[in-house]
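Engineer: Below is one structure. I have some questions about it.
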Amino acid sequence: MEILQIIKESQQQHGLRHGDYQRYRGYCSRRLRRLRKTLGFKMGNRTSLLGRK
């Protein structure tokens with residue numbers, strides 16, 4: 001599948017090539033924050049995100 005190849009390439013580029021899980025975690029966190037901001041999600045808890053009212 002193409003999506004798995006994209007994920008593997010992203011992992012290799014952002015820290016997992018050298019076993020740097022902290023760097024990859026930071027990369028994933030930034031990506032999620034960017035997505036949430038773009039989609040308009042403001043708050044959330046462990047189970048769900050709340051959109052704008």
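Identifiers in this document derive from the order of the structure tokens: chains are assigned A, B, ..., residues are numbered from 1 separately in each chain, and ligands are numbered from 1 in order of occurrence.
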Write out as CSV the residues of range 1-29 of chain A that have any atom within 12 Å of an atom of range 33-44 of chain A, one row each with the nearest atom pair and its distance in Å to one decimal, counting only C-alpha atoms, sorted by chain and then rising number.
Structural biologist:
residue,atom,partner,partner_atom,distance
A:Gly26,CA,A:Arg33,CA,10.5
A:Tyr27,CA,A:Arg33,CA,10.0
A:Cys28,CA,A:Arg33,CA,8.6
A:Ser29,CA,A:Arg33,CA,6.1
Engineer: Please produce an output containing N, CA and C atoms for each residue in the selection, written as a CSV table (one decimal), in the first residue's frame.
Structural biologist:
chain,number,residue,atom,x,y,z
A,26,GLY,N,8.1,14.4,18.6
A,26,GLY,CA,8.0,15.9,18.4
A,26,GLY,C,7.4,16.2,17.1
A,27,TYR,N,7.9,15.5,16.1
A,27,TYR,CA,7.4,15.7,14.7
A,27,TYR,C,5.9,15.4,14.6
A,28,CYS,N,5.5,14.2,15.2
A,28,CYS,CA,4.1,13.8,15.1
A,28,CYS,C,3.2,14.8,15.9
A,29,SER,N,3.7,15.3,17.0
A,29,SER,CA,3.0,16.3,17.8
A,29,SER,C,2.7,17.6,17.0
Engineer: When you draw a straight line from CA of His18 in chain A to CA of Gln5 in chain A, how long is it in Å?
Structural biologist: 18.2 Å
Engineer: Looking only at strand (DSSP E) from DSSP on the backbone, list the matching residues of chain A as a ChimeraX atom specification.
Structural biologist: /A:43-44,49-50
Engineer: Please produce an output containing N, CA and C atoms for each residue in the selection, written as a short mmCIF file (atom, residue, chain, number, x, y, z; two decimals), in the first residue's frame.
Structural biologist:
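Heads up, here's the output in part.cif:
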data_model
loop_
_atom_site.label_atom_id
_atom_site.label_comp_id
_atom_site.auth_asym_id
_atom_site.auth_seq_id
_atom_site.Cartn_x
_atom_site.Cartn_y
_atom_site.Cartn_z
N MET A 43 -10.34 22.66 21.74
CA MET A 43 -10.09 22.00 23.01
C MET A 43 -10.35 20.51 22.87
N GLY A 44 -9.86 19.78 23.82
CA GLY A 44 -10.12 18.36 23.80
C GLY A 44 -9.67 17.72 25.09
N LEU A 49 -12.11 15.60 20.65
CA LEU A 49 -11.76 16.99 20.42
C LEU A 49 -13.05 17.77 20.18
N LEU A 50 -13.11 18.97 20.68
CA LEU A 50 -14.29 19.80 20.52
C LEU A 50 -14.00 20.86 19.47
#
Engineer: Please report the interatomic distance between CA of Asn45 in chain A and CA of Ser10 in chain A in Å with one decimal.
Structural biologist: 27.0 Å
Engineer: Using DSSP on the backbone coordinates, identify the residues of chain A assigned to helix (DSSP H, G or I); present them as a PDB file with N, CA and C atoms, in the first residue's frame.
Structural biologist:
ATOM      1  N   GLU A   2       0.401   2.251  -0.645  1.00  0.00           N
ATOM      2  CA  GLU A   2       1.171   3.487  -0.750  1.00  0.00           C
ATOM      3  C   GLU A   2       1.233   4.239   0.576  1.00  0.00           C
ATOM      4  N   ILE A   3       0.176   4.157   1.372  1.00  0.00           N
ATOM      5  CA  ILE A   3       0.166   4.890   2.647  1.00  0.00           C
ATOM      6  C   ILE A   3       1.248   4.368   3.591  1.00  0.00           C
ATOM      7  N   LEU A   4       1.470   3.064   3.586  1.00  0.00           N
ATOM      8  CA  LEU A   4       2.519   2.500   4.436  1.00  0.00           C
ATOM      9  C   LEU A   4       3.901   2.980   4.006  1.00  0.00           C
ATOM     10  N   GLN A   5       4.092   3.115   2.714  1.00  0.00           N
ATOM     11  CA  GLN A   5       5.371   3.615   2.210  1.00  0.00           C
ATOM     12  C   GLN A   5       5.576   5.070   2.630  1.00  0.00           C
ATOM     13  N   ILE A   6       4.526   5.869   2.579  1.00  0.00           N
ATOM     14  CA  ILE A   6       4.611   7.272   3.000  1.00  0.00           C
ATOM     15  C   ILE A   6       4.963   7.357   4.481  1.00  0.00           C
ATOM     16  N   ILE A   7       4.339   6.516   5.299  1.00  0.00           N
ATOM     17  CA  ILE A   7       4.613   6.513   6.739  1.00  0.00           C
ATOM     18  C   ILE A   7       6.057   6.110   7.008  1.00  0.00           C
ATOM     19  N   LYS A   8       6.517   5.060   6.348  1.00  0.00           N
ATOM     20  CA  LYS A   8       7.895   4.604   6.547  1.00  0.00           C
ATOM     21  C   LYS A   8       8.911   5.677   6.151  1.00  0.00           C
ATOM     22  N   GLU A   9       8.668   6.355   5.038  1.00  0.00           N
ATOM     23  CA  GLU A   9       9.576   7.418   4.607  1.00  0.00           C
ATOM     24  C   GLU A   9       9.595   8.556   5.618  1.00  0.00           C
ATOM     25  N   SER A  10       8.426   8.902   6.122  1.00  0.00           N
ATOM     26  CA  SER A  10       8.330   9.971   7.116  1.00  0.00           C
ATOM     27  C   SER A  10       9.070   9.588   8.394  1.00  0.00           C
ATOM     28  N   GLN A  11       8.930   8.353   8.814  1.00  0.00           N
ATOM     29  CA  GLN A  11       9.635   7.885  10.004  1.00  0.00           C
ATOM     30  C   GLN A  11      11.145   7.962   9.805  1.00  0.00           C
ATOM     31  N   GLN A  12      11.612   7.567   8.647  1.00  0.00           N
ATOM     32  CA  GLN A  12      13.050   7.593   8.369  1.00  0.00           C
ATOM     33  C   GLN A  12      13.597   9.012   8.334  1.00  0.00           C
ATOM     34  N   GLN A  13      12.813   9.941   7.816  1.00  0.00           N
ATOM     35  CA  GLN A  13      13.278  11.321   7.689  1.00  0.00           C
ATOM     36  C   GLN A  13      13.273  12.070   9.011  1.00  0.00           C
ATOM     37  N   LEU A  16      13.534   8.125  13.196  1.00  0.00           N
ATOM     38  CA  LEU A  16      13.562   6.689  13.482  1.00  0.00           C
ATOM     39  C   LEU A  16      14.707   5.960  12.789  1.00  0.00           C
ATOM     40  N   ARG A  17      15.332   6.579  11.825  1.00  0.00           N
ATOM     41  CA  ARG A  17      16.489   5.944  11.185  1.00  0.00           C
ATOM     42  C   ARG A  17      17.584   5.695  12.211  1.00  0.00           C
ATOM     43  N   HIS A  18      17.719   6.618  13.165  1.00  0.00           N
ATOM     44  CA  HIS A  18      18.746   6.508  14.197  1.00  0.00           C
ATOM     45  C   HIS A  18      18.170   6.083  15.545  1.00  0.00           C
ATOM     46  N   TYR A  21      13.401   8.266  19.022  1.00  0.00           N
ATOM     47  CA  TYR A  21      11.951   8.284  19.169  1.00  0.00           C
ATOM     48  C   TYR A  21      11.444   9.625  19.680  1.00  0.00           C
ATOM     49  N   GLN A  22      12.247  10.329  20.457  1.00  0.00           N
ATOM     50  CA  GLN A  22      11.838  11.638  20.971  1.00  0.00           C
ATOM     51  C   GLN A  22      11.673  12.639  19.821  1.00  0.00           C
ATOM     52  N   ARG A  23      12.584  12.609  18.880  1.00  0.00           N
ATOM     53  CA  ARG A  23      12.491  13.507  17.727  1.00  0.00           C
ATOM     54  C   ARG A  23      11.257  13.174  16.895  1.00  0.00           C
ATOM     55  N   TYR A  24      10.989  11.894  16.680  1.00  0.00           N
ATOM     56  CA  TYR A  24       9.821  11.493  15.893  1.00  0.00           C
ATOM     57  C   TYR A  24       8.532  11.858  16.621  1.00  0.00           C
ATOM     58  N   ARG A  25       8.530  11.729  17.940  1.00  0.00           N
ATOM     59  CA  ARG A  25       7.361  12.105  18.732  1.00  0.00           C
ATOM     60  C   ARG A  25       7.070  13.598  18.585  1.00  0.00           C
ATOM     61  N   GLY A  26       8.123  14.414  18.624  1.00  0.00           N
ATOM     62  CA  GLY A  26       7.955  15.852  18.438  1.00  0.00           C
ATOM     63  C   GLY A  26       7.408  16.181  17.061  1.00  0.00           C
ATOM     64  N   TYR A  27       7.902  15.481  16.054  1.00  0.00           N
ATOM     65  CA  TYR A  27       7.417  15.681  14.690  1.00  0.00           C
ATOM     66  C   TYR A  27       5.924  15.357  14.598  1.00  0.00           C
ATOM     67  N   CYS A  28       5.521  14.228  15.173  1.00  0.00           N
ATOM     68  CA  CYS A  28       4.109  13.830  15.133  1.00  0.00           C
ATOM     69  C   CYS A  28       3.235  14.827  15.888  1.00  0.00           C
ATOM     70  N   SER A  29       3.706  15.300  17.025  1.00  0.00           N
ATOM     71  CA  SER A  29       2.951  16.272  17.814  1.00  0.00           C
ATOM     72  C   SER A  29       2.741  17.566  17.041  1.00  0.00           C
ATOM     73  N   ARG A  30       3.780  18.027  16.374  1.00  0.00           N
ATOM     74  CA  ARG A  30       3.650  19.253  15.578  1.00  0.00           C
ATOM     75  C   ARG A  30       2.677  19.064  14.427  1.00  0.00           C
ATOM     76  N   ARG A  31       2.727  17.905  13.784  1.00  0.00           N
ATOM     77  CA  ARG A  31       1.803  17.631  12.676  1.00  0.00           C
ATOM     78  C   ARG A  31       0.359  17.617  13.155  1.00  0.00           C
ATOM     79  N   LEU A  32       0.120  16.951  14.301  1.00  0.00           N
ATOM     80  CA  LEU A  32      -1.232  16.900  14.843  1.00  0.00           C
ATOM     81  C   LEU A  32      -1.730  18.286  15.232  1.00  0.00           C
ATOM     82  N   ARG A  33      -0.862  19.088  15.843  1.00  0.00           N
ATOM     83  CA  ARG A  33      -1.249  20.444  16.236  1.00  0.00           C
ATOM     84  C   ARG A  33      -1.624  21.276  15.011  1.00  0.00           C
ATOM     85  N   ARG A  34      -0.836  21.145  13.948  1.00  0.00           N
ATOM     86  CA  ARG A  34      -1.108  21.872  12.714  1.00  0.00           C
ATOM     87  C   ARG A  34      -2.451  21.443  12.116  1.00  0.00           C
ATOM     88  N   LEU A  35      -2.727  20.132  12.127  1.00  0.00           N
ATOM     89  CA  LEU A  35      -4.002  19.631  11.608  1.00  0.00           C
ATOM     90  C   LEU A  35      -5.181  20.136  12.430  1.00  0.00           C
ATOM     91  N   ARG A  36      -5.048  20.056  13.755  1.00  0.00           N
ATOM     92  CA  ARG A  36      -6.134  20.511  14.623  1.00  0.00           C
ATOM     93  C   ARG A  36      -6.410  21.994  14.431  1.00  0.00           C
ATOM     94  N   LYS A  37      -5.366  22.783  14.295  1.00  0.00           N
ATOM     95  CA  LYS A  37      -5.532  24.221  14.104  1.00  0.00           C
ATOM     96  C   LYS A  37      -6.220  24.504  12.768  1.00  0.00           C
ATOM     97  N   THR A  38      -5.807  23.797  11.722  1.00  0.00           N
ATOM     98  CA  THR A  38      -6.394  23.988  10.401  1.00  0.00           C
ATOM     99  C   THR A  38      -7.867  23.600  10.384  1.00  0.00           C
ATOM    100  N   LEU A  39      -8.210  22.518  11.084  1.00  0.00           N
ATOM    101  CA  LEU A  39      -9.587  22.037  11.102  1.00  0.00           C
ATOM    102  C   LEU A  39     -10.468  22.795  12.084  1.00  0.00           C
TER     103      LEU A  39
END
